[in-house]
>>> print(open('input06.pdb').read())   # PDB, C-alpha atoms
ATOM      1  CA  MET A   1     -79.766 234.902 201.565
ATOM      2  CA  SER A   2     -81.048 238.447 201.146
ATOM      3  CA  VAL A   3     -82.392 241.017 198.680
ATOM      4  CA  GLY A   4     -80.814 240.866 195.240
ATOM      5  CA  ASP A   5     -79.654 237.241 195.460
ATOM      6  CA  ARG A   6     -80.491 235.021 192.510
ATOM      7  CA  SER A   7     -79.812 231.288 192.823
ATOM      8  CA  GLY A   8     -81.198 227.779 192.972
ATOM      9  CA  ARG A   9     -81.127 228.039 196.763
ATOM     10  CA  VAL A  10     -83.448 231.061 196.620
ATOM     11  CA  ARG A  11     -85.781 229.027 194.401
ATOM     12  CA  GLU A  12     -85.750 226.238 197.004
ATOM     13  CA  LEU A  13     -86.463 228.784 199.757
ATOM     14  CA  GLN A  14     -89.488 230.072 197.841
ATOM     15  CA  ALA A  15     -90.773 226.548 197.135
ATOM     16  CA  ARG A  16     -90.475 225.571 200.809
ATOM     17  CA  LEU A  17     -92.216 228.779 201.920
ATOM     18  CA  ARG A  18     -94.969 228.007 199.413
ATOM     19  CA  GLN A  19     -95.459 224.528 200.910
ATOM     20  CA  ILE A  20     -96.546 226.116 204.201
ATOM     21  CA  GLY A  21     -98.528 229.025 202.773
ATOM     22  CA  HIS A  22     -96.030 231.874 203.078
ATOM     23  CA  PHE A  23     -95.267 232.348 199.350
ATOM     24  CA  ASP A  24     -98.237 232.603 196.993
ATOM     25  CA  ARG A  25     -96.587 232.502 193.575
ATOM     26  CA  SER A  26     -94.294 230.316 191.495
ATOM     27  CA  PRO A  27     -90.631 230.273 192.578
ATOM     28  CA  THR A  28     -88.441 232.601 190.524
ATOM     29  CA  GLY A  29     -85.021 232.118 192.102
ATOM     30  CA  TYR A  30     -84.831 235.881 192.652
ATOM     31  CA  TYR A  31     -84.837 237.334 196.189
ATOM     32  CA  GLY A  32     -87.000 240.425 195.749
ATOM     33  CA  THR A  33     -89.490 242.333 197.865
ATOM     34  CA  ALA A  34     -92.108 239.561 197.657
ATOM     35  CA  THR A  35     -89.604 237.065 199.083
ATOM     36  CA  VAL A  36     -88.604 239.499 201.836
ATOM     37  CA  ALA A  37     -92.273 239.860 202.849
ATOM     38  CA  SER A  38     -92.738 236.066 202.810
ATOM     39  CA  VAL A  39     -89.664 235.479 204.974
ATOM     40  CA  GLN A  40     -90.788 238.199 207.390
ATOM     41  CA  SER A  41     -94.204 236.520 207.631
ATOM     42  CA  PHE A  42     -92.569 233.164 208.369
ATOM     43  CA  GLN A  43     -90.174 234.693 210.908
ATOM     44  CA  GLY A  44     -92.977 236.559 212.672
ATOM     45  CA  LYS A  45     -95.087 233.400 213.073
ATOM     46  CA  ARG A  46     -92.103 231.536 214.533
ATOM     47  CA  GLY A  47     -91.117 234.263 216.998
ATOM     48  CA  LEU A  48     -87.944 235.082 215.083
ATOM     49  CA  SER A  49     -86.641 238.566 214.351
ATOM     50  CA  ARG A  50     -88.516 239.830 211.255
ATOM     51  CA  THR A  51     -85.440 240.829 209.243
ATOM     52  CA  GLY A  52     -86.603 239.443 205.892
ATOM     53  CA  ARG A  53     -83.120 237.955 205.490
ATOM     54  CA  THR A  54     -82.746 234.163 205.518
ATOM     55  CA  ASP A  55     -80.110 233.550 208.178
ATOM     56  CA  THR A  56     -79.026 230.142 209.488
ATOM     57  CA  VAL A  57     -81.703 230.006 212.206
ATOM     58  CA  THR A  58     -84.502 230.898 209.771
ATOM     59  CA  TRP A  59     -83.272 228.403 207.171
ATOM     60  CA  GLU A  60     -82.925 225.539 209.653
ATOM     61  CA  ARG A  61     -86.384 226.224 211.092
ATOM     62  CA  LEU A  62     -87.834 226.181 207.570
ATOM     63  CA  LEU A  63     -86.006 222.941 206.703
ATOM     64  CA  ALA A  64     -87.439 221.277 209.794
ATOM     65  CA  MET A  65     -90.996 222.213 208.801
ATOM     66  CA  THR A  66     -90.880 221.359 205.093
ATOM     67  CA  ARG A  67     -89.780 218.605 202.740
ATOM     68  CA  LYS A  68     -87.397 218.715 199.823
ATOM     69  CA  PRO A  69     -89.305 220.353 196.927
ATOM     70  CA  THR A  70     -90.018 218.298 193.836
ATOM     71  CA  ALA A  71     -88.825 219.448 190.406
ATOM     72  CA  LYS A  72     -92.397 220.545 189.633
ATOM     73  CA  GLU A  73     -92.583 222.593 192.829
ATOM     74  CA  LEU A  74     -89.264 224.278 192.029
ATOM     75  CA  ASP A  75     -90.238 225.110 188.473
ATOM     76  CA  PRO A  76     -94.002 224.735 187.973
ATOM     77  CA  PRO A  77     -95.265 225.055 184.411
ATOM     78  CA  ALA A  78     -96.703 228.544 184.168
ATOM     79  CA  PRO A  79     -99.422 229.445 181.700
ATOM     80  CA  ALA A  80     -97.984 232.000 179.326
ATOM     81  CA  PRO A  81     -99.817 235.313 179.162
ATOM     82  CA  ALA A  82    -102.293 235.466 176.310
ATOM     83  CA  VAL A  83    -100.077 237.544 174.074
ATOM     84  CA  ALA A  84    -101.819 239.731 171.538
ATOM     85  CA  LYS A  85    -100.821 239.707 167.894
ATOM     86  CA  PRO A  86     -98.010 242.256 167.863
ATOM     87  CA  ASP A  87     -98.515 245.639 166.290
ATOM     88  CA  ALA A  88     -96.683 246.066 162.974
ATOM     89  CA  ARG A  89     -94.401 248.632 164.648
ATOM     90  CA  CYS A  90     -93.080 245.855 166.928
ATOM     91  CA  LEU A  91     -91.763 243.624 164.155
ATOM     92  CA  THR A  92     -88.367 245.228 163.583
ATOM     93  CA  GLY A  93     -85.525 245.970 165.961
ATOM     94  CA  ARG A  94     -85.571 245.826 169.772
ATOM     95  CA  VAL A  95     -89.057 246.655 171.060
ATOM     96  CA  LEU A  96     -91.074 246.685 174.271
ATOM     97  CA  CYS A  97     -94.381 245.799 172.595
ATOM     98  CA  ILE A  98     -97.213 246.648 175.002
ATOM     99  CA  SER A  99    -100.857 245.763 174.312
ATOM    100  CA  LYS A 100    -103.543 247.506 176.353
ATOM    101  CA  ASN A 101    -106.125 245.071 175.023
ATOM    102  CA  SER A 102    -104.448 241.880 176.306
ATOM    103  CA  ARG A 103    -102.616 243.679 179.156
ATOM    104  CA  THR A 104     -99.296 242.129 178.169
ATOM    105  CA  LEU A 105     -95.779 243.320 177.475
ATOM    106  CA  SER A 106     -93.732 241.359 174.943
ATOM    107  CA  TRP A 107     -89.999 241.971 174.697
ATOM    108  CA  MET A 108     -89.283 241.468 170.997
ATOM    109  CA  ILE A 109     -86.092 241.403 168.966
ATOM    110  CA  ASP A 110     -86.394 241.405 165.158
ATOM    111  CA  GLY A 111     -89.980 240.124 165.299
ATOM    112  CA  ARG A 112     -89.285 237.301 167.781
ATOM    113  CA  VAL A 113     -90.874 237.285 171.259
ATOM    114  CA  VAL A 114     -88.081 236.828 173.815
ATOM    115  CA  SER A 115     -90.307 237.092 176.921
ATOM    116  CA  SER A 116     -93.839 238.167 177.883
ATOM    117  CA  MET A 117     -95.364 239.395 181.117
ATOM    118  CA  ASP A 118     -98.639 240.740 182.539
ATOM    119  CA  VAL A 119     -98.936 244.514 182.864
ATOM    120  CA  ARG A 120    -101.445 247.090 184.065
ATOM    121  CA  PHE A 121    -101.827 250.746 183.165
ATOM    122  CA  GLY A 122    -102.895 254.138 184.479
ATOM    123  CA  SER A 123    -106.427 254.991 185.561
ATOM    124  CA  GLN A 124    -108.826 257.023 183.413
ATOM    125  CA  TYR A 125    -107.579 260.156 185.228
ATOM    126  CA  THR A 126    -103.878 259.338 184.725
ATOM    127  CA  PRO A 127    -103.847 257.314 181.492
ATOM    128  CA  THR A 128    -100.812 255.595 180.041
ATOM    129  CA  ARG A 129     -99.906 257.301 176.770
ATOM    130  CA  GLU A 130    -100.231 255.371 173.535
ATOM    131  CA  GLY A 131     -97.845 255.593 170.610
ATOM    132  CA  THR A 132     -94.222 254.938 169.732
ATOM    133  CA  PHE A 133     -91.532 256.017 172.174
ATOM    134  CA  SER A 134     -88.008 255.035 173.122
ATOM    135  CA  VAL A 135     -86.348 254.221 176.449
ATOM    136  CA  TYR A 136     -84.398 257.329 177.424
ATOM    137  CA  TRP A 137     -83.406 256.541 181.021
ATOM    138  CA  LYS A 138     -83.083 253.449 183.205
ATOM    139  CA  SER A 139     -83.092 253.583 187.011
ATOM    140  CA  ARG A 140     -82.802 250.304 188.933
ATOM    141  CA  HIS A 141     -83.761 251.605 192.407
ATOM    142  CA  HIS A 142     -85.965 254.526 191.392
ATOM    143  CA  VAL A 143     -88.341 256.267 193.814
ATOM    144  CA  SER A 144     -90.978 258.615 192.408
ATOM    145  CA  THR A 145     -90.302 262.227 193.391
ATOM    146  CA  LEU A 146     -93.958 263.082 192.671
ATOM    147  CA  TYR A 147     -95.633 260.262 194.628
ATOM    148  CA  ASP A 148     -92.730 259.122 196.862
ATOM    149  CA  SER A 149     -93.377 255.513 195.860
ATOM    150  CA  PRO A 150     -90.792 252.882 194.839
ATOM    151  CA  MET A 151     -90.444 252.232 191.093
ATOM    152  CA  PRO A 152     -87.792 249.497 190.899
ATOM    153  CA  TYR A 153     -86.367 248.564 187.478
ATOM    154  CA  ALA A 154     -87.796 251.755 185.949
ATOM    155  CA  MET A 155     -87.349 252.221 182.200
ATOM    156  CA  PHE A 156     -88.615 255.707 181.294
ATOM    157  CA  PHE A 157     -90.110 256.242 177.839
ATOM    158  CA  SER A 158     -92.305 259.394 177.997
ATOM    159  CA  GLY A 159     -91.857 262.141 180.577
ATOM    160  CA  GLY A 160     -92.442 260.553 183.992
ATOM    161  CA  GLN A 161     -94.044 257.411 182.526
ATOM    162  CA  ALA A 162     -91.992 254.233 182.778
ATOM    163  CA  VAL A 163     -92.193 250.463 182.691
ATOM    164  CA  HIS A 164     -91.387 249.249 186.219
ATOM    165  CA  TYR A 165     -92.056 246.614 188.884
ATOM    166  CA  SER A 166     -95.064 247.267 191.130
ATOM    167  CA  SER A 167     -95.458 245.510 194.467
ATOM    168  CA  ASP A 168     -99.015 246.876 194.563
ATOM    169  CA  PHE A 169     -99.809 245.122 191.262
ATOM    170  CA  ALA A 170     -98.232 241.931 192.648
ATOM    171  CA  ALA A 171    -100.414 242.175 195.766
ATOM    172  CA  ARG A 172    -103.707 243.595 194.436
ATOM    173  CA  GLY A 173    -103.731 242.683 190.771
ATOM    174  CA  TYR A 174    -105.986 244.646 188.461
ATOM    175  CA  SER A 175    -108.053 246.136 191.284
ATOM    176  CA  GLY A 176    -105.522 248.972 191.386
ATOM    177  CA  ALA A 177    -103.958 251.194 188.723
ATOM    178  CA  SER A 178    -100.803 253.210 188.152
ATOM    179  CA  HIS A 179    -100.396 256.972 187.773
ATOM    180  CA  GLY A 180     -99.666 256.393 184.079
ATOM    181  CA  CYS A 181     -96.766 253.972 184.222
ATOM    182  CA  VAL A 182     -96.767 250.434 182.843
ATOM    183  CA  ASN A 183     -96.686 248.169 185.931
ATOM    184  CA  VAL A 184     -95.191 244.670 185.917
ATOM    185  CA  ARG A 185     -96.008 242.261 188.766
ATOM    186  CA  ASP A 186     -93.406 239.528 188.142
ATOM    187  CA  GLU A 187     -90.245 240.830 189.791
ATOM    188  CA  GLY A 188     -88.006 238.123 188.350
ATOM    189  CA  LYS A 189     -89.141 238.874 184.795
ATOM    190  CA  ILE A 190     -88.805 242.659 185.079
ATOM    191  CA  ALA A 191     -85.345 242.281 186.653
ATOM    192  CA  SER A 192     -84.239 240.149 183.702
ATOM    193  CA  LEU A 193     -85.845 242.549 181.215
ATOM    194  CA  PHE A 194     -84.147 245.550 182.835
ATOM    195  CA  ASP A 195     -80.755 243.911 182.291
ATOM    196  CA  GLN A 196     -81.494 243.331 178.581
ATOM    197  CA  VAL A 197     -83.092 246.635 177.553
ATOM    198  CA  ARG A 198     -80.835 249.485 176.429
ATOM    199  CA  ASN A 199     -81.433 253.204 176.203
ATOM    200  CA  GLY A 200     -82.811 253.905 172.734
ATOM    201  CA  ASP A 201     -84.827 250.674 172.480
ATOM    202  CA  LYS A 202     -88.319 251.239 171.085
ATOM    203  CA  VAL A 203     -91.524 251.226 173.166
ATOM    204  CA  VAL A 204     -94.840 250.694 171.368
ATOM    205  CA  ILE A 205     -98.100 251.023 173.334
ATOM    206  CA  TYR A 206    -101.314 250.221 171.469
ATOM    207  CA  TRP A 207    -104.835 248.810 171.785
TER     208      TRP A 207
END
>>> encode(input="input06.pdb", output="structure tokens")
Amino acid sequence: MSVGDRSGRVRELQARLRQIGHFDRSPTGYYGTATVASVQSFQGKRGLSRTGRTDTVTWERLLAMTRKPTAKELDPPAPAPAVAKPDARCLTGRVLCISKNSRTLSWMIDGRVVSSMDVRFGSQYTPTREGTFSVYWKSRHHVSTLYDSPMPYAMFFSGGQAVHYSSDFAARGYSGASHGCVNVRDEGKIASLFDQVRNGDKVVIYW
């Protein structure tokens, strides 16, 4: 197993790594950068080559140290983000409805919430713009030309500002901030969202 894989086996890998303290979040079934880092941590502690890929040796070593995950370990009930009452502009069409007050993004279609996720915004010096925009460009493996930092699953809506996955947000939470982008910390959710959103879909950012 390696980056980009999405399967029940990846979910089992994450649950087993979590049993022994190498994966600190709920299993998603998606092999992203957080899973790579967890596998590298496990490999390093066991004297294996820190490739971040789950080869036969790594998998067998992990199997020997863990037990078969329960259904609850594979898919723990997650508390849903406290979603704000959507802005009136979010109630029609396909909308990324983003509340600065509750720090949530709700993907809405015709007034129905399809999925929600935690987000963070820019600092006071590089604020995230508020208003109504539309997605004009999607870039799955984007790297910022200005800051030379990875912006995977980027969906640009205003100049250089985009909704994208942030490994820093995943690691540090709200103690950090973006340079104006809307950061998402759940890689599985942003990957799924990226596949659903189309150019031209509305983006509403409000308090």
>>> atom_distance(input="input06.pdb", atom1="CA of Thr28 in chain A", atom2="CA of Arg16 in chain A")
12.6 Å
>>> residues_around(input="input06.pdb", residues="Asp5 in chain A", least_positions_apart="6", cutoff="9 Å", atoms="only C-alpha atoms", output="list in words")
Gly29, Tyr30, Tyr31 and Gly32 of chain A
>>> axis_aligned_box(input="input06.pdb", around="range 149-162 of chain A", padding_each_side="3 Å", output="lines of an AutoDock Vina configuration file")
center_x = -90.2
center_y = 255.4
center_z = 186.8
size_x = 13.7
size_y = 19.6
size_z = 24.0
>>> atom_distance(input="input06.pdb", atom1="CA of Leu17 in chain A", atom2="CA of His142 in chain A")
28.5 Å
>>> residues_around(input="input06.pdb", residues="range 192-202 of chain A", least_positions_apart="3", cutoff="8 Å", atoms="only C-alpha atoms", output="list in words")
Gly93, Arg94, Val95, Leu96, Trp107, Thr132, Phe133, Ser134, Val135, Tyr136, Trp137, Lys138, Arg140, Tyr153, Ala154, Met155, Gly188 and Lys189 of chain A
>>> write_last_selection(input="input06.pdb", atoms="C-alpha atoms", output="mmCIF file, keeping the file's coordinate frame")
data_model
loop_
_atom_site.group_PDB
_atom_site.id
_atom_site.type_symbol
_atom_site.label_atom_id
_atom_site.label_comp_id
_atom_site.auth_asym_id
_atom_site.auth_seq_id
_atom_site.Cartn_x
_atom_site.Cartn_y
_atom_site.Cartn_z
ATOM 1 C CA GLY A 93 -85.525 245.970 165.961
ATOM 2 C CA ARG A 94 -85.571 245.826 169.772
ATOM 3 C CA VAL A 95 -89.057 246.655 171.060
ATOM 4 C CA LEU A 96 -91.074 246.685 174.271
ATOM 5 C CA TRP A 107 -89.999 241.971 174.697
ATOM 6 C CA THR A 132 -94.222 254.938 169.732
ATOM 7 C CA PHE A 133 -91.532 256.017 172.174
ATOM 8 C CA SER A 134 -88.008 255.035 173.122
ATOM 9 C CA VAL A 135 -86.348 254.221 176.449
ATOM 10 C CA TYR A 136 -84.398 257.329 177.424
ATOM 11 C CA TRP A 137 -83.406 256.541 181.021
ATOM 12 C CA LYS A 138 -83.083 253.449 183.205
ATOM 13 C CA ARG A 140 -82.802 250.304 188.933
ATOM 14 C CA TYR A 153 -86.367 248.564 187.478
ATOM 15 C CA ALA A 154 -87.796 251.755 185.949
ATOM 16 C CA MET A 155 -87.349 252.221 182.200
ATOM 17 C CA GLY A 188 -88.006 238.123 188.350
ATOM 18 C CA LYS A 189 -89.141 238.874 184.795
#
>>> closest_residue(input="input06.pdb", among="A:Gly44, A:Pro27, A:Gly52, A:Pro86", to="Lys72 in chain A", atoms="all atoms listed in the file")
A:Pro27
>>> atom_distance(input="input06.pdb", atom1="CA of Asp118 in chain A", atom2="CA of Cys181 in chain A")
13.5 Å
>>> closest_residue(input="input06.pdb", among="A:Val39, A:Pro127, A:Thr33, A:Ile109", to="Gly21 in chain A", atoms="all atoms listed in the file")
A:Val39
>>> residues_around(input="input06.pdb", residues="range 34-37 of chain A", least_positions_apart="5", cutoff="10 Å", atoms="only C-alpha atoms", output="NGL selection string")
:A and (1-3 or 10 or 13-14 or 17 or 22-25 or 27-29 or 42-43 or 50-54 or 167 or 170-171 or 186-187)
>>> residues_around(input="input06.pdb", residues="Lys100 in chain A", least_positions_apart="5", cutoff="10 Å", atoms="all atoms listed in the file", output="VMD selection string")
chain A and resid 84 105 119 to 121 128 130 182 205 to 207
>>> resolve_selection(input="input06.pdb", expression="the PyMOL selection byres ((chain A and resi 111) around 8)", output="list in words")
Cys90, Leu91, Thr92, Gly93, Met108, Ile109, Asp110, Arg112 and Val113 of chain A
>>> closest_residue(input="input06.pdb", among="A:Asn101, A:Thr66, A:Ser175, A:Ser166", to="Pro150 in chain A", atoms="all atoms listed in the file")
A:Ser166
>>> resolve_selection(input="input06.pdb", expression="the PyMOL selection byres ((chain A and resi 143) around 12)", output="list in words")
Ser139, Arg140, His141, His142, Ser144, Thr145, Leu146, Tyr147, Asp148, Ser149, Pro150, Met151, Pro152, Tyr153, Ala154, Gly160, Ala162, His164, Tyr165 and Ser166 of chain A
>>> write_last_selection(input="input06.pdb", atoms="C-alpha atoms", output="mmCIF file, keeping the file's coordinate frame")
data_model
loop_
_atom_site.group_PDB
_atom_site.id
_atom_site.type_symbol
_atom_site.label_atom_id
_atom_site.label_comp_id
_atom_site.auth_asym_id
_atom_site.auth_seq_id
_atom_site.Cartn_x
_atom_site.Cartn_y
_atom_site.Cartn_z
ATOM 1 C CA SER A 139 -83.092 253.583 187.011
ATOM 2 C CA ARG A 140 -82.802 250.304 188.933
ATOM 3 C CA HIS A 141 -83.761 251.605 192.407
ATOM 4 C CA HIS A 142 -85.965 254.526 191.392
ATOM 5 C CA SER A 144 -90.978 258.615 192.408
ATOM 6 C CA THR A 145 -90.302 262.227 193.391
ATOM 7 C CA LEU A 146 -93.958 263.082 192.671
ATOM 8 C CA TYR A 147 -95.633 260.262 194.628
ATOM 9 C CA ASP A 148 -92.730 259.122 196.862
ATOM 10 C CA SER A 149 -93.377 255.513 195.860
ATOM 11 C CA PRO A 150 -90.792 252.882 194.839
ATOM 12 C CA MET A 151 -90.444 252.232 191.093
ATOM 13 C CA PRO A 152 -87.792 249.497 190.899
ATOM 14 C CA TYR A 153 -86.367 248.564 187.478
ATOM 15 C CA ALA A 154 -87.796 251.755 185.949
ATOM 16 C CA GLY A 160 -92.442 260.553 183.992
ATOM 17 C CA ALA A 162 -91.992 254.233 182.778
ATOM 18 C CA HIS A 164 -91.387 249.249 186.219
ATOM 19 C CA TYR A 165 -92.056 246.614 188.884
ATOM 20 C CA SER A 166 -95.064 247.267 191.130
#
>>> closest_residue(input="input06.pdb", among="A:Ala191, A:Cys97, A:Ala15, A:Ala88", to="Asp75 in chain A", atoms="only C-alpha atoms")
A:Ala15
>>> closest_residue(input="input06.pdb", among="A:Arg172, A:Arg185, A:Lys85, A:Arg11", to="Thr70 in chain A", atoms="only C-alpha atoms")
A:Arg11
